[in-house]
Amino acid sequence: MSENVYYWHALNRALDEELAADDRVFVLGEDVGLYGGSYRVTEGLYAKYGEWRLRDTPISEGSFTGLGVGAALLGMRPVVEIMTINFALLALDAIINMAAKIPFMSGGQFPMPLVVRMPGGVARQLAAQHSQRLEQTLMNVPGLRIAVPATPQDAWWQLRQAIRSDEPVILLEHELLYFSKGALDTRAEAPPMHRARVHRQGRDLTIITYSRMLDLSLSAARQLAQKGIEAEVIDLRSLRPVDWATCKQSVDRTHRLLVVEEDSRFAGAGAEIVAGLSERCFFELDAPPDRVAAREMPIPFNATLEAASIPRPSDIVRAAENLCGIRSKQNPAKPAST
Amino acid sequence: MNRETMTAMLHDMLLARAFEERAAEEYSKGNIAGFLHLYPGEEAVAVGVLHACGPADYIVSTYREHVHALVRGIPANLIMAELFGKRDGCCHGMGGSMHLFDKSRRFMGGYAIVGETYPVATGIAYAIAMRELPEAVICFFGDGAVNQGTFHESLNMAALWHLPVLFVCENNHYQIGTEIHRHSAVAEVHKRACGYHIPARKIDGMDVLSVHQACSEALEQIHADNGPQFLEFETYRFRGHSMADPGSYRPRVEVQAFEKEDPITLAIRETLPV
């Protein structure tokens with residue numbers, strides 16, 4: 001049975017469920033306890049589970065993430081919350097040099113059941129230092145898994161799967177999704193954590209996207225349908241590993257590929273998706289694959305400029321039309337080569 | 001101290017010296033590649049500390065950790081095989097010299113990014129404290145590591161939450177080629193711990209008996225639930241930072257003076273009847 005819940009609430013319920021089920025699970029981060037989390041994700045859990053399992057930390061991202069690594073070595077299942085992904089830059093030593101490496105360097109002696117949750121993305125006028133996406137920084141690290149839930153249902157499934165995983169999992173949550181609602185069926189069987197999902201079927205082109213850009217891509221697809229273009233929309237759900245099979249199956253059928261990402265274009269997630277699918281579907285492609293991405297610039301504070309710096313549904317519609325040969329190719333949003 | 005422990009410690013110091021000299025030899029022959037950081041001169045610290053802790057305690061070490069691993073009980077052949085990059089090594093050749101791990105002996109790894117041992121040890125201690133177990137964590141680091149942010153961040157958390165960690169500074173006076181007075185505004189490392197109300201002492205790290213005693217006392221405090229403890233051991237490495245370093249930045253007279261205080265000679269004097 002499905003109910004309509006907020007994204008933050010789905011995460012909250014997933015944590016509650018796992019904290020209750022396994023006493024090795026504990027949550028730590030800035031203001032996750034008494035305060036209840038800056039996006040309410042840990043609301044009510046401190047009162048229920050106490051301070052050792054909902055640990056408010058000092059502002060020391062590098063060390064409290066490393067603390068999670070140390071605890072995971074003893075078989076605990078820490079869930080580290082980094083208040084925003086921008087602060088995760090201070091924790092990259094723990095994530096990249098420790099969590100991703102220890103299982104390998106120890107010759108397989110130590111699994112790494114660590115989850116690091118990071119709200120990120122472009123929200124509303126938080127300025128350049130609080131508007132980063134950074135998925136490409138983590139995608140290039142063997143040893144990590146990266147889940148990018150776009151719906152409350154996936155937030156519920158993927159956080160629980162991440163906590164139960166013996167590999168380090170980064171959960172990239174989008175700040176503008178926390179207060180969006182969607183269906184949640186807590187009894188539905190979860191697909192594998194990395195399985196991509198076809199949200200909309202179509203014959204003319206494949207739009208591959210993830211996180212908040214799913215909503216925009218679906219909205220663009222509806223507009224395209226009115227113009228007679230049927231877009232298939234795939235939510236990756238996972239950036240490492242990528243579910244190539246689901247993507248390839250679609251591109252082999254539509255023969256056109258458009259990737260939509262909120263991060264900047266150069267060396268981004270979209271570059272990897274396009275490269276991976278070009279290798280897999282080269283002879284099926286009827287047009288060069290294209291990407292709709294953010295501009296190559298730090299995100300401006302000004303609201304109009306901020307909105308113009310990342311993809312809008314109209315950008316997706318225009319790129320899709322170009323790809324299908326409806327318009328001549330003239331994309332003013334495309335930056336000069338970097 | 002009983003005679004048995006003293007003899008066992010002397011044995012381990014001699015084994016440590018022989019192991020490291022052999023590793024240097026194999027490196028020179030080209031049988032060991034990569035970075036190789038050796039321990040001669042510092043044996044009293046590893047041996048004194050690790051003989052004071054029990055099998056239930058956890059060890060977190062640095063990239064200069066062959067001797068920590070050896071004294072903890074990982075067989076010499078498994079460590080040497082790891083230095084050679086062999087499948088038979090304690091990490092199946094995946095870790096190498098700087099990353100020795102042995103889960104069964106609670107040897108929680110050698111970490112080669114300076115300053116990583118603090119948060120790892122603090123996390124292990126957090127897991128122990130959460131479950132109220134009678135265990136402790138030994139966190140090794142050098143004098144060069146105390147200027148990393150993680151030192152301050154982790155000491156703060158360990159003190160704040162009263163965690164069972166023994167912070168062990170192996171102060172050999174040099175971060176690679178930079179002498180401590182050129183890298184630290186406060187060269188008395190143990191004094192920094194007072195910023196977090198962690199009891200700290202400075203001990204002669206060339207004297208294995210002093211090391212053993214100080215460490216036993218500190219662990220007693222930790223097991224009595226008195227929170228983290230901090231020990232600074234003054235020591236000296238007789239070789240360069242790694243096999244690639246001839247150590248030419250150190251005055252010859254300084255090296256010779258410390259060589260006269262060889263911890264093994266001292267331990268022999270203390271152990272054997274005249």
# chains A, B, ... in the order shown; residues from 1 in each chain; ligands from 1
>>> closest_atom_pairs(of="chain A", to="chain B", cutoff="6 Å", atoms="only C-alpha atoms", output="CSV")
residue,atom,partner,partner_atom,distance
A:Ser60,CA,B:Glu153,CA,5.9
A:Ser63,CA,B:Pro119,CA,5.0
A:Gly66,CA,B:Pro119,CA,4.8
A:Leu67,CA,B:Gly123,CA,3.7
A:Gly68,CA,B:Gly123,CA,5.8
A:Gly70,CA,B:Val120,CA,4.0
A:Ala71,CA,B:Gly123,CA,4.5
A:Met105,CA,B:Gly95,CA,4.3
A:Ser106,CA,B:Cys91,CA,5.0
A:Gly107,CA,B:Cys91,CA,4.3
>>> residues_around(residues="segment 246-250 of chain B", least_positions_apart="5", cutoff="9 Å", atoms="only C-alpha atoms", output="list in words")
Ile176, Gly177, Thr178, Glu179, Arg239, Gly240, His241 and Val255 of chain B
>>> residues_around(residues="Tyr6 of chain A", least_positions_apart="3", cutoff="12 Å", atoms="only C-alpha atoms", output="number ranges by chain")
A: 3, 9-13, 39-41, 150-156, 176-184
>>> select_by_dssp(residues="segment 161-271 of chain A", states="helix (DSSP H, G or I)", output="JSON, numbers by chain")
{"A": [161, 162, 163, 164, 213, 214, 215, 216, 217, 218, 219, 220, 221, 222, 223, 224, 225, 226, 244, 245, 246, 247, 248, 249, 250, 251, 252, 253, 254, 269, 270, 271]}
>>> residues_around(residues="Pro288 of chain A", least_positions_apart="6", cutoff="12 Å", atoms="only C-alpha atoms", output="PyMOL selection string")
chain A and resi 205+255-259+274-275+277-278+281-282+319-320+322-325+329
>>> residues_around(residues="segment 222-225 of chain A", least_positions_apart="3", cutoff="10 Å", atoms="only C-alpha atoms", output="PyMOL selection string")
chain A and resi 200+202+216-219+228-231+313-314+316-318+320-321
>>> residues_around(residues="segment 73-80 of chain A", least_positions_apart="5", cutoff="7 Å", atoms="only C-alpha atoms", output="PyMOL selection string")
(chain A and resi 24-29+65+68+110+112-117+163) or (chain B and resi 124+127)
>>> write_last_selection(atoms="N, CA and C atoms", output="PDB file, in the first residue's frame")
ATOM      1  N   ARG A  24      24.101  -2.175  15.538  1.00  0.00           N
ATOM      2  CA  ARG A  24      25.411  -1.717  15.036  1.00  0.00           C
ATOM      3  C   ARG A  24      25.274  -0.421  14.239  1.00  0.00           C
ATOM      4  N   VAL A  25      24.043  -0.057  13.931  1.00  0.00           N
ATOM      5  CA  VAL A  25      23.814   1.162  13.144  1.00  0.00           C
ATOM      6  C   VAL A  25      23.836   2.368  14.075  1.00  0.00           C
ATOM      7  N   PHE A  26      24.593   3.393  13.721  1.00  0.00           N
ATOM      8  CA  PHE A  26      24.498   4.664  14.429  1.00  0.00           C
ATOM      9  C   PHE A  26      24.720   5.812  13.447  1.00  0.00           C
ATOM     10  N   VAL A  27      24.216   6.977  13.822  1.00  0.00           N
ATOM     11  CA  VAL A  27      24.230   8.137  12.930  1.00  0.00           C
ATOM     12  C   VAL A  27      25.093   9.209  13.574  1.00  0.00           C
ATOM     13  N   LEU A  28      25.935   9.845  12.779  1.00  0.00           N
ATOM     14  CA  LEU A  28      26.698  10.948  13.346  1.00  0.00           C
ATOM     15  C   LEU A  28      26.855  12.077  12.328  1.00  0.00           C
ATOM     16  N   GLY A  29      26.975  13.277  12.856  1.00  0.00           N
ATOM     17  CA  GLY A  29      27.118  14.444  11.992  1.00  0.00           C
ATOM     18  C   GLY A  29      26.734  15.699  12.766  1.00  0.00           C
ATOM     19  N   THR A  65      34.122  11.907   9.830  1.00  0.00           N
ATOM     20  CA  THR A  65      33.955  10.919   8.763  1.00  0.00           C
ATOM     21  C   THR A  65      34.985   9.798   8.963  1.00  0.00           C
ATOM     22  N   GLY A  68      33.848   7.478  11.493  1.00  0.00           N
ATOM     23  CA  GLY A  68      32.943   6.484  10.917  1.00  0.00           C
ATOM     24  C   GLY A  68      33.720   5.323  10.305  1.00  0.00           C
ATOM     25  N   PHE A 110      39.053  -6.387   5.759  1.00  0.00           N
ATOM     26  CA  PHE A 110      38.086  -5.473   6.361  1.00  0.00           C
ATOM     27  C   PHE A 110      37.062  -4.979   5.346  1.00  0.00           C
ATOM     28  N   MET A 112      33.785  -2.514   4.533  1.00  0.00           N
ATOM     29  CA  MET A 112      33.634  -1.111   4.936  1.00  0.00           C
ATOM     30  C   MET A 112      32.147  -0.713   4.898  1.00  0.00           C
ATOM     31  N   PRO A 113      31.388  -1.164   5.922  1.00  0.00           N
ATOM     32  CA  PRO A 113      29.946  -0.880   5.925  1.00  0.00           C
ATOM     33  C   PRO A 113      29.638   0.552   6.356  1.00  0.00           C
ATOM     34  N   LEU A 114      30.112   1.499   5.578  1.00  0.00           N
ATOM     35  CA  LEU A 114      29.968   2.915   5.917  1.00  0.00           C
ATOM     36  C   LEU A 114      29.030   3.597   4.920  1.00  0.00           C
ATOM     37  N   VAL A 115      28.144   4.428   5.443  1.00  0.00           N
ATOM     38  CA  VAL A 115      27.295   5.240   4.569  1.00  0.00           C
ATOM     39  C   VAL A 115      27.620   6.702   4.833  1.00  0.00           C
ATOM     40  N   VAL A 116      27.817   7.464   3.776  1.00  0.00           N
ATOM     41  CA  VAL A 116      27.987   8.904   3.932  1.00  0.00           C
ATOM     42  C   VAL A 116      26.892   9.597   3.139  1.00  0.00           C
ATOM     43  N   ARG A 117      26.010  10.301   3.854  1.00  0.00           N
ATOM     44  CA  ARG A 117      24.918  11.014   3.202  1.00  0.00           C
ATOM     45  C   ARG A 117      25.312  12.473   2.997  1.00  0.00           C
ATOM     46  N   ILE A 163      22.817   1.062   4.078  1.00  0.00           N
ATOM     47  CA  ILE A 163      23.173   0.709   5.453  1.00  0.00           C
ATOM     48  C   ILE A 163      23.488  -0.786   5.560  1.00  0.00           C
TER      49      ILE A 163
ATOM     50  N   ILE B 124      37.331   3.630  16.311  1.00  0.00           N
ATOM     51  CA  ILE B 124      37.368   2.308  16.947  1.00  0.00           C
ATOM     52  C   ILE B 124      36.995   2.463  18.425  1.00  0.00           C
ATOM     53  N   ALA B 127      33.318   2.891  18.919  1.00  0.00           N
ATOM     54  CA  ALA B 127      32.585   1.620  18.844  1.00  0.00           C
ATOM     55  C   ALA B 127      32.755   0.816  20.138  1.00  0.00           C
TER      56      ALA B 127
END
>>> closest_residue(among="B:Glu21, B:Gln148, B:Val67, B:Tyr236", to="Gly62 of chain A", atoms="only C-alpha atoms")
B:Gln148
